[in-house]
file query-v3.cif (mmCIF, C-alpha atoms)
data_upload
loop_
_atom_site.label_atom_id
_atom_site.label_comp_id
_atom_site.auth_asym_id
_atom_site.auth_seq_id
_atom_site.Cartn_x
_atom_site.Cartn_y
_atom_site.Cartn_z
CA MET I 1 -0.45 -23.86 23.45
CA GLY I 2 -3.93 -25.37 23.51
CA LYS I 3 -7.02 -23.87 22.00
CA GLY I 4 -8.37 -23.22 25.50
CA ASP I 5 -5.88 -20.45 26.11
CA LEU I 6 -7.29 -18.34 23.28
CA LYS I 7 -10.90 -17.39 22.70
CA LEU I 8 -12.41 -14.94 20.26
CA LEU I 9 -15.87 -13.54 20.92
CA GLY I 10 -17.53 -12.35 17.73
CA THR I 11 -20.00 -12.75 14.93
CA GLY I 12 -19.47 -14.11 11.44
CA VAL I 13 -20.49 -10.91 9.67
CA SER I 14 -18.78 -8.10 11.59
CA PRO I 15 -15.87 -6.64 9.57
CA PHE I 16 -14.07 -5.99 12.86
CA VAL I 17 -14.32 -9.64 13.87
CA ILE I 18 -13.36 -10.73 10.35
CA ARG I 19 -10.14 -8.72 10.47
CA THR I 20 -9.24 -10.34 13.80
CA ARG I 21 -9.84 -13.85 12.44
CA ILE I 22 -7.80 -13.18 9.31
CA SER I 23 -4.91 -12.10 11.56
CA LEU I 24 -5.14 -15.27 13.66
CA HIS I 25 -5.32 -17.44 10.54
CA LEU I 26 -2.33 -15.65 9.04
CA LYS I 27 -0.32 -16.58 12.12
CA SER I 28 -1.72 -20.16 12.08
CA VAL I 29 -2.91 -19.73 15.65
CA GLU I 30 -5.60 -22.03 17.00
CA TYR I 31 -8.44 -20.44 18.91
CA GLU I 32 -11.96 -21.08 20.08
CA PHE I 33 -14.49 -18.94 18.21
CA ILE I 34 -17.49 -18.08 20.35
CA GLU I 35 -20.35 -16.76 18.25
CA GLU I 36 -22.22 -13.97 20.00
CA LYS I 37 -25.82 -13.01 19.45
CA LEU I 38 -25.63 -9.23 19.68
CA ALA I 39 -29.29 -8.92 20.66
CA ALA I 40 -28.55 -11.09 23.71
CA LYS I 41 -24.93 -10.59 24.72
CA SER I 42 -23.32 -13.30 26.79
CA GLU I 43 -22.14 -12.85 30.39
CA LEU I 44 -18.63 -13.54 29.14
CA LEU I 45 -18.77 -10.68 26.63
CA LEU I 46 -20.22 -8.20 29.13
CA LYS I 47 -17.55 -9.17 31.64
CA ALA I 48 -14.70 -9.08 29.11
CA ASN I 49 -15.71 -5.76 27.53
CA PRO I 50 -17.76 -3.90 30.14
CA ILE I 51 -17.03 -0.47 28.68
CA HIS I 52 -18.00 -0.94 25.06
CA LYS I 53 -19.89 -4.27 25.24
CA LYS I 54 -18.82 -4.96 21.66
CA VAL I 55 -17.20 -7.66 19.58
CA PRO I 56 -14.53 -8.62 18.83
CA VAL I 57 -12.94 -9.48 22.16
CA LEU I 58 -9.86 -11.68 22.25
CA ILE I 59 -9.35 -13.51 25.53
CA HIS I 60 -5.79 -14.77 25.94
CA HIS I 61 -4.82 -16.57 29.15
CA ASP I 62 -8.06 -15.14 30.62
CA LYS I 63 -7.01 -11.57 29.81
CA PRO I 64 -9.37 -9.68 27.47
CA ILE I 65 -8.13 -7.47 24.65
CA CYS I 66 -10.70 -5.19 22.99
CA GLU I 67 -10.92 -2.99 19.87
CA SER I 68 -10.09 -4.77 16.63
CA LEU I 69 -7.09 -2.73 15.50
CA ILE I 70 -5.59 -3.08 18.97
CA ILE I 71 -6.26 -6.83 18.90
CA VAL I 72 -4.60 -7.20 15.49
CA GLN I 73 -1.47 -5.42 16.72
CA TYR I 74 -1.47 -7.58 19.85
CA ILE I 75 -1.67 -10.72 17.71
CA ASP I 76 1.22 -9.45 15.60
CA GLU I 77 3.36 -8.73 18.65
CA VAL I 78 2.64 -11.95 20.56
CA TRP I 79 3.02 -14.36 17.62
CA SER I 80 6.09 -12.65 16.27
CA HIS I 81 7.47 -15.81 14.64
CA GLY I 82 4.66 -15.93 12.06
CA PRO I 83 4.39 -13.67 8.99
CA SER I 84 4.49 -10.01 10.08
CA ILE I 85 1.27 -8.07 9.95
CA LEU I 86 2.72 -4.60 10.50
CA PRO I 87 5.72 -3.55 8.41
CA SER I 88 9.04 -3.18 10.18
CA ASP I 89 9.82 0.40 9.14
CA PRO I 90 8.33 3.03 11.52
CA TYR I 91 7.21 5.29 8.66
CA ASP I 92 5.49 2.45 6.79
CA ARG I 93 3.82 1.47 10.08
CA ALA I 94 2.62 5.06 10.55
CA VAL I 95 1.17 5.14 7.03
CA GLU I 96 -0.75 1.89 7.57
CA ARG I 97 -1.96 3.00 11.01
CA PHE I 98 -3.10 6.31 9.50
CA TRP I 99 -5.17 4.54 6.85
CA ALA I 100 -6.63 2.03 9.32
CA ALA I 101 -7.71 4.88 11.61
CA TYR I 102 -9.23 6.70 8.61
CA LEU I 103 -11.18 3.59 7.61
CA ASP I 104 -12.63 3.11 11.07
CA GLU I 105 -13.18 6.73 12.11
CA LYS I 106 -14.20 8.38 8.83
CA TRP I 107 -14.85 5.92 6.02
CA PHE I 108 -16.95 3.11 7.49
CA PRO I 109 -19.18 5.44 9.55
CA SER I 110 -19.89 7.39 6.32
CA TRP I 111 -21.47 4.41 4.57
CA LYS I 112 -22.42 1.99 7.31
CA GLY I 113 -25.98 0.74 6.80
CA VAL I 114 -26.00 1.78 3.14
CA GLY I 115 -28.00 -1.36 2.36
CA LEU I 116 -30.79 -0.34 4.70
CA VAL I 117 -31.59 3.09 3.30
CA HIS I 118 -32.96 4.60 0.11
CA GLY I 119 -33.13 7.85 -1.81
CA GLU I 120 -31.07 10.80 -0.67
CA GLU I 121 -29.74 9.08 2.42
CA ALA I 122 -28.48 6.21 0.31
CA GLN I 123 -26.86 8.59 -2.17
CA LYS I 124 -24.98 10.24 0.68
CA LYS I 125 -23.72 6.92 1.95
CA ILE I 126 -22.76 5.75 -1.54
CA ALA I 127 -20.76 8.96 -1.95
CA GLY I 128 -19.01 8.23 1.36
CA LEU I 129 -18.20 4.69 0.27
CA LYS I 130 -16.85 5.96 -3.05
CA GLU I 131 -14.70 8.69 -1.47
CA GLY I 132 -12.69 6.17 0.54
CA LEU I 133 -12.26 3.86 -2.43
CA VAL I 134 -10.86 6.73 -4.50
CA LEU I 135 -8.35 7.59 -1.75
CA LEU I 136 -7.25 4.00 -1.29
CA GLU I 137 -6.97 3.44 -5.03
CA GLU I 138 -4.51 6.33 -5.04
CA ALA I 139 -2.67 5.05 -1.97
CA PHE I 140 -2.27 1.50 -3.29
CA PRO I 141 0.77 2.02 -5.58
CA LYS I 142 2.50 4.10 -2.89
CA CYS I 143 2.02 1.43 -0.22
CA SER I 144 2.48 -1.69 -2.36
CA LYS I 145 5.46 -0.36 -4.31
CA GLY I 146 4.62 -2.63 -7.22
CA LYS I 147 3.83 -5.68 -5.10
CA PRO I 148 0.47 -7.52 -4.93
CA PHE I 149 -0.75 -6.17 -1.57
CA PHE I 150 -0.69 -2.92 0.44
CA GLY I 151 1.70 -4.78 2.72
CA GLY I 152 3.92 -5.94 -0.15
CA ASP I 153 4.29 -9.63 -1.00
CA GLN I 154 2.10 -10.66 1.92
CA ILE I 155 -1.15 -9.29 3.30
CA GLY I 156 -0.47 -6.84 6.09
CA PHE I 157 -2.20 -4.50 8.53
CA LEU I 158 -3.81 -2.27 5.93
CA ASP I 159 -4.85 -5.17 3.66
CA ILE I 160 -6.56 -6.80 6.63
CA SER I 161 -8.04 -3.57 8.03
CA PHE I 162 -9.51 -2.63 4.65
CA GLY I 163 -10.23 -6.04 3.14
CA CYS I 164 -12.60 -7.00 5.94
CA PHE I 165 -15.09 -4.45 4.55
CA LEU I 166 -15.11 -5.83 1.01
CA GLY I 167 -18.16 -8.05 1.46
CA TRP I 168 -20.32 -5.27 2.91
CA ALA I 169 -19.16 -2.74 0.33
CA ARG I 170 -20.19 -5.19 -2.37
CA VAL I 171 -23.61 -5.69 -0.75
CA GLY I 172 -24.12 -1.92 -0.89
CA GLU I 173 -23.26 -1.97 -4.59
CA ILE I 174 -25.65 -4.85 -5.29
CA ILE I 175 -28.58 -3.31 -3.43
CA HIS I 176 -28.20 0.11 -5.03
CA LYS I 177 -27.15 -1.24 -8.42
CA VAL I 178 -23.88 0.71 -8.57
CA SER I 179 -20.38 -0.39 -9.32
CA LEU I 180 -17.71 1.48 -7.40
CA LEU I 181 -14.87 -1.00 -6.90
CA ASP I 182 -14.20 -2.40 -10.36
CA THR I 183 -11.59 -2.52 -13.10
CA THR I 184 -12.85 0.73 -14.66
CA ASN I 185 -13.11 2.91 -11.56
CA THR I 186 -10.50 1.37 -9.27
CA PRO I 187 -8.24 -0.91 -11.29
CA HIS I 188 -5.63 -1.29 -8.53
CA LEU I 189 -8.23 -2.15 -5.89
CA ALA I 190 -10.09 -4.51 -8.23
CA GLY I 191 -6.98 -6.62 -8.76
CA TRP I 192 -6.08 -6.38 -5.08
CA ALA I 193 -9.59 -7.46 -3.97
CA ASP I 194 -9.41 -10.64 -6.09
CA ARG I 195 -6.02 -11.49 -4.62
CA PHE I 196 -7.24 -10.72 -1.10
CA TYR I 197 -10.31 -12.96 -1.37
CA ALA I 198 -8.11 -15.78 -2.68
CA HIS I 199 -5.56 -15.56 0.14
CA PRO I 200 -5.59 -18.69 2.33
CA ALA I 201 -5.87 -16.69 5.57
CA VAL I 202 -8.92 -14.88 4.20
CA LYS I 203 -10.79 -17.77 2.59
CA GLY I 204 -13.55 -19.07 4.78
CA VAL I 205 -13.41 -16.02 7.04
CA LEU I 206 -14.56 -13.27 4.69
CA PRO I 207 -18.11 -14.21 3.71
CA GLU I 208 -19.13 -13.95 0.07
CA PRO I 209 -21.34 -10.91 -0.62
CA GLN I 210 -24.32 -13.20 -1.28
CA ALA I 211 -24.09 -14.65 2.24
CA LEU I 212 -23.98 -11.15 3.73
CA TYR I 213 -26.90 -10.03 1.54
CA ASP I 214 -28.93 -13.02 2.74
CA PHE I 215 -28.10 -12.06 6.34
CA LEU I 216 -29.20 -8.46 5.73
CA LYS I 217 -32.36 -9.22 3.72
CA PRO I 218 -34.77 -9.56 6.67
CA PHE I 219 -33.78 -6.06 7.82
CA ILE I 220 -34.17 -4.34 4.47
CA LYS I 221 -37.30 -2.24 4.20
CA PRO I 222 -38.69 -1.91 0.69
CA ALA I 223 -37.99 1.37 -1.11
CA PRO I 224 -40.81 3.89 -0.69
CA THR I 225 -42.93 4.18 -3.78
CA ASN I 226 -44.28 7.61 -4.66
CA MET H 1 22.10 18.18 18.30
CA ALA H 2 19.43 19.11 15.80
CA GLU H 3 17.90 15.99 14.29
CA GLU H 4 18.02 15.86 10.50
CA GLY H 5 14.81 17.65 9.40
CA VAL H 6 12.21 17.33 12.14
CA LYS H 7 9.38 19.82 11.69
CA LEU H 8 6.15 20.08 13.59
CA TYR H 9 3.10 22.01 12.39
CA GLY H 10 0.97 22.84 15.41
CA PHE H 11 -1.36 25.26 17.12
CA TRP H 12 -0.46 26.73 20.51
CA LEU H 13 -3.77 25.72 22.06
CA SER H 14 -4.19 22.30 20.47
CA PRO H 15 -3.69 19.47 22.96
CA PHE H 16 -2.99 17.21 20.00
CA SER H 17 0.01 19.14 18.72
CA ARG H 18 1.16 19.80 22.32
CA ARG H 19 1.21 16.02 22.83
CA VAL H 20 3.64 15.61 19.99
CA GLU H 21 5.86 18.36 21.43
CA LEU H 22 5.82 16.52 24.76
CA ALA H 23 6.93 13.27 23.14
CA LEU H 24 9.72 15.01 21.21
CA LYS H 25 10.92 16.69 24.41
CA ILE H 26 10.86 13.41 26.35
CA LYS H 27 13.05 11.91 23.63
CA GLY H 28 15.34 14.93 23.52
CA VAL H 29 14.66 15.46 19.81
CA GLU H 30 15.21 18.96 18.45
CA TYR H 31 12.61 20.16 15.99
CA GLU H 32 11.46 23.20 14.10
CA TYR H 33 8.02 24.35 15.18
CA ILE H 34 5.67 26.04 12.78
CA GLU H 35 2.61 27.76 14.27
CA GLU H 36 -0.52 27.38 12.16
CA ASP H 37 -3.34 29.87 12.10
CA LEU H 38 -6.28 27.48 12.10
CA GLN H 39 -8.59 30.18 10.74
CA ASN H 40 -6.24 30.58 7.81
CA LYS H 41 -4.48 27.26 7.19
CA SER H 42 -1.23 27.34 5.28
CA PRO H 43 -0.92 25.74 1.84
CA GLU H 44 1.74 23.47 3.34
CA LEU H 45 -0.65 22.12 5.97
CA LEU H 46 -3.35 21.47 3.38
CA GLN H 47 -0.82 19.75 1.16
CA TYR H 48 0.57 17.56 3.95
CA ASN H 49 -2.78 16.64 5.48
CA PRO H 50 -5.34 16.87 2.68
CA ILE H 51 -7.79 14.40 4.23
CA HIS H 52 -8.12 15.86 7.72
CA LYS H 53 -6.61 19.35 7.19
CA LYS H 54 -5.55 19.39 10.85
CA VAL H 55 -2.59 19.82 13.14
CA PRO H 56 -0.38 18.19 14.25
CA VAL H 57 1.66 17.26 11.21
CA LEU H 58 5.15 15.86 11.77
CA ILE H 59 7.70 15.93 8.99
CA HIS H 60 10.80 13.79 9.49
CA ASN H 61 13.41 13.71 6.73
CA GLY H 62 10.69 14.68 4.27
CA LYS H 63 8.24 11.99 5.44
CA VAL H 64 4.82 13.22 6.56
CA ILE H 65 3.04 11.70 9.54
CA VAL H 66 -0.38 12.85 10.78
CA GLU H 67 -2.85 11.93 13.56
CA SER H 68 -1.41 12.54 17.03
CA GLN H 69 -1.53 8.97 18.34
CA VAL H 70 0.03 7.66 15.11
CA ILE H 71 2.74 10.32 15.45
CA LEU H 72 3.40 9.36 19.08
CA GLU H 73 3.99 5.72 18.14
CA TYR H 74 6.19 6.81 15.23
CA ILE H 75 8.31 8.95 17.55
CA ASP H 76 8.60 6.09 20.04
CA GLU H 77 9.69 3.64 17.35
CA THR H 78 12.15 6.03 15.71
CA TRP H 79 13.92 7.40 18.81
CA LYS H 80 14.42 4.52 21.21
CA GLU H 81 15.58 6.34 24.38
CA ASN H 82 13.05 7.00 27.16
CA PRO H 83 10.37 4.62 25.86
CA ILE H 84 6.80 5.89 25.80
CA MET H 85 4.98 2.62 25.08
CA PRO H 86 5.27 -0.36 27.45
CA GLN H 87 7.34 -3.33 26.25
CA ASP H 88 4.91 -6.13 27.00
CA PRO H 89 2.31 -6.78 24.22
CA TYR H 90 -0.60 -7.00 26.67
CA GLU H 91 0.42 -3.78 28.43
CA ARG H 92 0.72 -2.12 25.02
CA ALA H 93 -2.79 -3.25 24.09
CA ILE H 94 -4.10 -1.83 27.37
CA ALA H 95 -2.28 1.47 26.81
CA ARG H 96 -3.70 1.77 23.28
CA PHE H 97 -7.18 0.93 24.61
CA TRP H 98 -7.13 3.71 27.22
CA ALA H 99 -5.65 6.22 24.80
CA LYS H 100 -8.49 5.48 22.38
CA PHE H 101 -11.04 5.70 25.20
CA ILE H 102 -9.75 9.11 26.27
CA ASP H 103 -9.87 10.57 22.75
CA GLU H 104 -12.99 8.89 21.42
CA LYS H 105 -15.20 8.54 24.50
CA PHE H 106 -14.06 10.68 27.39
CA PHE H 107 -13.12 14.01 25.84
CA PRO H 108 -16.10 14.21 23.44
CA SER H 109 -18.49 13.44 26.34
CA PHE H 110 -16.75 16.05 28.48
CA ARG H 111 -16.99 18.71 25.77
CA LYS H 112 -20.71 18.07 25.35
CA ALA H 113 -21.24 18.16 29.11
CA ILE H 114 -19.33 21.43 29.54
CA LEU H 115 -20.82 23.28 26.60
CA GLY H 116 -24.26 22.19 27.74
CA GLY H 117 -27.24 23.73 26.04
CA GLU H 118 -28.45 20.27 25.15
CA THR H 119 -31.81 19.01 26.23
CA GLU H 120 -30.19 15.93 27.75
CA VAL H 121 -27.25 17.70 29.38
CA GLU H 122 -27.81 15.95 32.73
CA LYS H 123 -27.44 12.61 30.98
CA VAL H 124 -24.21 13.72 29.31
CA ILE H 125 -22.81 14.98 32.61
CA GLU H 126 -23.61 11.60 34.19
CA GLU H 127 -21.89 9.82 31.29
CA THR H 128 -18.81 12.03 31.70
CA LYS H 129 -18.65 11.32 35.43
CA GLU H 130 -18.95 7.57 34.71
CA ASN H 131 -16.02 7.91 32.33
CA LEU H 132 -14.05 9.75 35.01
CA LYS H 133 -14.80 6.99 37.53
CA ILE H 134 -13.49 4.45 35.01
CA LEU H 135 -10.27 6.45 34.57
CA GLU H 136 -9.85 6.84 38.35
CA LYS H 137 -9.90 3.05 38.63
CA VAL H 138 -7.25 2.70 35.93
CA LEU H 139 -4.97 5.10 37.77
CA GLU H 140 -5.51 3.56 41.24
CA GLY H 141 -2.26 2.58 42.97
CA LYS H 142 -0.10 4.10 40.23
CA ASN H 143 2.00 7.20 40.06
CA PHE H 144 1.04 7.82 36.44
CA PHE H 145 -1.00 5.88 33.86
CA GLY H 146 2.37 4.64 32.62
CA GLY H 147 3.36 3.40 36.07
CA GLU H 148 6.35 4.98 37.77
CA ARG H 149 6.99 7.33 34.84
CA ILE H 150 4.73 9.04 32.32
CA GLY H 151 3.88 6.95 29.28
CA PHE H 152 1.67 6.88 26.21
CA VAL H 153 -1.61 7.22 28.08
CA ASP H 154 -0.34 10.10 30.20
CA ILE H 155 0.74 11.96 27.08
CA VAL H 156 -2.68 11.42 25.47
CA ALA H 157 -4.34 12.38 28.77
CA ASN H 158 -2.98 15.93 28.52
CA THR H 159 -6.58 16.79 27.65
CA ILE H 160 -7.69 15.56 31.06
CA ALA H 161 -4.88 17.06 33.12
CA TYR H 162 -5.00 20.53 31.61
CA TRP H 163 -7.59 21.21 28.93
CA VAL H 164 -10.44 19.93 31.09
CA PHE H 165 -9.55 22.60 33.65
CA LEU H 166 -9.22 25.33 31.02
CA PHE H 167 -12.70 24.46 29.72
CA GLN H 168 -14.10 24.37 33.24
CA GLU H 169 -12.75 27.80 34.06
CA ALA H 170 -13.92 29.29 30.76
CA ALA H 171 -17.40 27.81 31.08
CA GLU H 172 -17.59 28.43 34.85
CA LYS H 173 -18.77 24.88 35.31
CA GLU H 174 -17.08 21.99 37.11
CA ILE H 175 -17.27 18.31 36.39
CA LEU H 176 -13.81 16.99 37.28
CA THR H 177 -13.67 18.05 40.92
CA GLU H 178 -12.18 16.76 44.17
CA GLU H 179 -14.89 14.11 43.82
CA PHE H 180 -12.13 12.38 41.83
CA PRO H 181 -9.16 12.54 44.22
CA ILE H 182 -6.90 10.11 42.31
CA LEU H 183 -7.25 12.05 39.05
CA CYS H 184 -6.76 15.38 40.84
CA ASN H 185 -3.61 14.10 42.54
CA TRP H 186 -2.28 12.78 39.19
CA LYS H 187 -3.13 16.09 37.52
CA ASP H 188 -1.13 18.07 40.11
CA LYS H 189 1.94 15.87 39.54
CA TYR H 190 1.39 16.10 35.79
CA ILE H 191 1.21 19.86 35.37
CA ASN H 192 4.24 20.32 37.62
CA HIS H 193 6.33 17.67 35.85
CA ASN H 194 9.48 19.41 34.64
CA ILE H 195 9.11 18.40 30.98
CA ILE H 196 5.33 18.51 30.75
CA LYS H 197 4.98 22.02 32.13
CA GLU H 198 7.03 23.37 29.21
CA THR H 199 4.35 22.10 26.82
CA LEU H 200 1.31 23.61 28.51
CA PRO H 201 -0.13 26.76 26.90
CA PRO H 202 -0.39 29.84 29.16
CA LYS H 203 -3.47 29.56 31.36
CA ASP H 204 -4.96 33.06 31.18
CA LYS H 205 -4.54 33.39 27.43
CA SER H 206 -6.06 29.92 26.97
CA VAL H 207 -9.05 30.56 29.23
CA SER H 208 -9.79 33.88 27.46
CA PHE H 209 -9.64 32.15 24.10
CA PHE H 210 -12.11 29.46 25.18
CA ARG H 211 -14.38 31.95 26.92
CA ALA H 212 -14.67 33.90 23.66
CA ARG H 213 -15.17 30.73 21.65
CA PHE H 214 -17.93 29.43 23.97
CA ALA H 215 -19.71 32.80 23.91
CA GLN H 216 -19.53 32.78 20.12
CA SER H 217 -21.05 29.32 19.79
CA LYS H 218 -23.81 30.16 22.29
CA ALA H 219 -24.62 33.29 20.26
CA SER H 220 -24.85 31.38 17.03
CA SER H 221 -26.91 28.47 18.36
#
call {"tool": "encode", "arguments": {"input": "query-v3.cif", "output": "structure tokens"}}
result
Amino acid sequence: MGKGDLKLLGTGVSPFVIRTRISLHLKSVEYEFIEEKLAAKSELLLKANPIHKKVPVLIHHDKPICESLIIVQYIDEVWSHGPSILPSDPYDRAVERFWAAYLDEKWFPSWKGVGLVHGEEAQKKIAGLKEGLVLLEEAFPKCSKGKPFFGGDQIGFLDISFGCFLGWARVGEIIHKVSLLDTTNTPHLAGWADRFYAHPAVKGVLPEPQALYDFLKPFIKPAPTN
Amino acid sequence: MAEEGVKLYGFWLSPFSRRVELALKIKGVEYEYIEEDLQNKSPELLQYNPIHKKVPVLIHNGKVIVESQVILEYIDETWKENPIMPQDPYERAIARFWAKFIDEKFFPSFRKAILGGETEVEKVIEETKENLKILEKVLEGKNFFGGERIGFVDIVANTIAYWVFLFQEAAEKEILTEEFPILCNWKDKYINHNIIKETLPPKDKSVSFFRARFAQSKASS
């Protein structure tokens, strides 16, 4: 299948786009990456995702698929010969889907934009960021069952759904001079994060925190001085 | 035959726990139902769902599953008869998309529009009607969202087929009217469907409950 059959509309910094790219790389699928400027969305994006007008959008044989977790499951089901993203057992699948939904519906919204705020608002967001890390630290041994990743020997749905946020979480830590995900506070996650960053499907797709910080810098207002 | 240990914690008026009951009935799975008092949640519920503290909670052979859409997919993958999800990956992606749209965009916009009292209520009503137009288009030419038979999206759309009308009666305000003939036609088939109708809470009791709840929130705002 040629590259032309598969297009991904996205940006380099969106965690939701990142998780989609990791999934495609894991399956060794070739695709055309079309970088969108969110301030000036392309005709193609508006046509492919008229309801939400958001990235990522996967266009396969001219059919658009929207919403990153839905796209990842689609990728897993279409390219079923590659390494599995979702586990095979229905209960394990339910557990990973539960966590992925939690990350997107509760966790990320609670700390999104943490790098752009100060004072009390920042403290609230930092607390939100921390809360999810504590829960996932606890969940890791149950999901991994002694293996290197939430998904076991290989990265899976939850690794990908969670790992895509690592860069931005780290940027929040850098800006506010806190350390939340580290060997003292979250030893399981600290080890897992190193392994995740090093995974071949992740390398080159998950930007280093410095790159994300540089992207964010123009938008950061200085802290109020009083 | 009673399935080994299937328990469902629910609330009689929750569309989310009623969805799970619908899926279990479609699959012919016997289960033990435990009614939760949401004003006074049981220690079991809080233990099984510590993060969200909500119904539904499904327990199957000691394994706990929460979040209604996650539970629906679990049920479909565990009991293979009478499939709920489509087989084709693209159709599955579309079904998941609309289910998410209904729960995350449509129903919240509808609730806001019905409860009103907001300065921009006209805008919210417009948004809700736009969402209804979108859903009408999805349903066009089909018997149900799932095609010939009810599927995942129909199950999730129990909020549209029934709870929308309960809210409308309780609030004495209409948004989903005959202005949306395809949805109204689908809704009539839906609430008269032989399995679905067993899962719908009694109308008068439900409307009274919501009437009281709406009056309470108006009083405290």
call {"tool": "interface_residues", "arguments": {"input": "query-v3.cif", "of": "chain H", "to": "chain I", "cutoff": "8 Å", "atoms": "all atoms listed in the file", "output": "list of chain:residue names"}}
result
H:Lys63, H:Ile65, H:Val66, H:Glu67, H:Val70, H:Ile71, H:Glu73, H:Tyr74, H:Glu77, H:Thr78, H:Pro89, H:Tyr90, H:Arg92, H:Ala93, H:Ile94, H:Arg96, H:Phe97
call {"tool": "closest_residue", "arguments": {"input": "query-v3.cif", "among": "H:Phe180, H:Tyr190, H:Phe11, H:Tyr48", "to": "Asn158 of chain H", "atoms": "all atoms listed in the file"}}
result
H:Tyr190
call {"tool": "closest_residue", "arguments": {"input": "query-v3.cif", "among": "I:Gly146, I:Gly152, I:Gly191, I:Pro83", "to": "Ser23 of chain I", "atoms": "only C-alpha atoms"}}
result
I:Pro83
call {"tool": "atom_distance", "arguments": {"input": "query-v3.cif", "atom1": "atom CA of Asp204 of chain H", "atom2": "atom CA of His52 of chain H"}}
result
29.3 Å
call {"tool": "closest_residue", "arguments": {"input": "query-v3.cif", "among": "I:Leu158, I:Val55, I:Cys143, I:Glu43", "to": "Trp99 of chain I", "atoms": "all atoms listed in the file"}}
result
I:Leu158
call {"tool": "residues_around", "arguments": {"input": "query-v3.cif", "residues": "Gly4 of chain I", "least_positions_apart": "6", "cutoff": "12 Å", "atoms": "only C-alpha atoms", "output": "ChimeraX atom specification"}}
result
/I:29-34,59-62
call {"tool": "closest_residue", "arguments": {"input": "query-v3.cif", "among": "I:Ile126, I:Glu35, I:Leu116, I:Leu9", "to": "Val178 of chain I", "atoms": "all atoms listed in the file"}}
result
I:Ile126
call {"tool": "resolve_selection", "arguments": {"input": "query-v3.cif", "expression": "the PyMOL selection byres ((chain H and resi 112) around 12)", "output": "ChimeraX atom specification"}}
result
/H:105-111,113-128,164,167,171,175,214
call {"tool": "resolve_selection", "arguments": {"input": "query-v3.cif", "expression": "the PyMOL selection byres ((chain I and resi 141) around 12)", "output": "ChimeraX atom specification"}}
result
/I:135-140,142-152,186-189,192
call {"tool": "resolve_selection", "arguments": {"input": "query-v3.cif", "expression": "the PyMOL selection byres ((chain I and resi 167) around 8)", "output": "list in words"}}
result
Cys164, Phe165, Leu166, Trp168, Ala169, Arg170, Val171, Leu206, Pro207, Glu208, Pro209 and Leu212 of chain I
call {"tool": "closest_residue", "arguments": {"input": "query-v3.cif", "among": "I:Gly82, I:Gly10, I:Pro50, I:Pro56", "to": "Ser68 of chain I", "atoms": "all atoms listed in the file"}}
result
I:Pro56
call {"tool": "residues_near_point", "arguments": {"input": "query-v3.cif", "point": "(-6.8, -8.0, 0.0)", "cutoff": "7 Å", "atoms": "all atoms listed in the file", "output": "list in words"}}
result
Phe149, Ile155, Asp159, Ile160, Gly163, Trp192, Ala193, Arg195, Phe196 and Tyr197 of chain I
call {"tool": "build_atoms", "arguments": {"input": "query-v3.cif", "residues": "segment 143-153 of chain I", "atoms": "N, CA and C atoms", "output": "PDB file, keeping the file's coordinate frame"}}
result
ATOM      1  N   CYS I 143       1.798   2.397  -1.312  1.00  0.00           N
ATOM      2  CA  CYS I 143       2.020   1.430  -0.220  1.00  0.00           C
ATOM      3  C   CYS I 143       2.625   0.139  -0.755  1.00  0.00           C
ATOM      4  N   SER I 144       2.090  -0.364  -1.869  1.00  0.00           N
ATOM      5  CA  SER I 144       2.480  -1.690  -2.360  1.00  0.00           C
ATOM      6  C   SER I 144       3.838  -1.670  -3.051  1.00  0.00           C
ATOM      7  N   LYS I 145       4.200  -0.518  -3.582  1.00  0.00           N
ATOM      8  CA  LYS I 145       5.460  -0.360  -4.310  1.00  0.00           C
ATOM      9  C   LYS I 145       5.617  -1.446  -5.364  1.00  0.00           C
ATOM     10  N   GLY I 146       4.558  -1.681  -6.120  1.00  0.00           N
ATOM     11  CA  GLY I 146       4.620  -2.630  -7.220  1.00  0.00           C
ATOM     12  C   GLY I 146       4.320  -4.071  -6.842  1.00  0.00           C
ATOM     13  N   LYS I 147       4.102  -4.312  -5.534  1.00  0.00           N
ATOM     14  CA  LYS I 147       3.830  -5.680  -5.100  1.00  0.00           C
ATOM     15  C   LYS I 147       2.317  -5.937  -5.067  1.00  0.00           C
ATOM     16  N   PRO I 148       1.901  -7.206  -4.839  1.00  0.00           N
ATOM     17  CA  PRO I 148       0.470  -7.520  -4.930  1.00  0.00           C
ATOM     18  C   PRO I 148      -0.445  -6.940  -3.836  1.00  0.00           C
ATOM     19  N   PHE I 149       0.109  -6.627  -2.666  1.00  0.00           N
ATOM     20  CA  PHE I 149      -0.750  -6.170  -1.570  1.00  0.00           C
ATOM     21  C   PHE I 149      -0.244  -4.841  -1.005  1.00  0.00           C
ATOM     22  N   PHE I 150      -1.105  -4.143  -0.241  1.00  0.00           N
ATOM     23  CA  PHE I 150      -0.690  -2.920   0.440  1.00  0.00           C
ATOM     24  C   PHE I 150       0.558  -3.209   1.278  1.00  0.00           C
ATOM     25  N   GLY I 151       0.580  -4.398   1.873  1.00  0.00           N
ATOM     26  CA  GLY I 151       1.700  -4.780   2.720  1.00  0.00           C
ATOM     27  C   GLY I 151       2.898  -5.322   1.966  1.00  0.00           C
ATOM     28  N   GLY I 152       2.813  -5.412   0.659  1.00  0.00           N
ATOM     29  CA  GLY I 152       3.920  -5.940  -0.150  1.00  0.00           C
ATOM     30  C   GLY I 152       3.583  -7.317  -0.702  1.00  0.00           C
ATOM     31  N   ASP I 153       4.507  -8.269  -0.482  1.00  0.00           N
ATOM     32  CA  ASP I 153       4.290  -9.630  -1.000  1.00  0.00           C
ATOM     33  C   ASP I 153       3.203 -10.359  -0.238  1.00  0.00           C
TER      34      ASP I 153
END
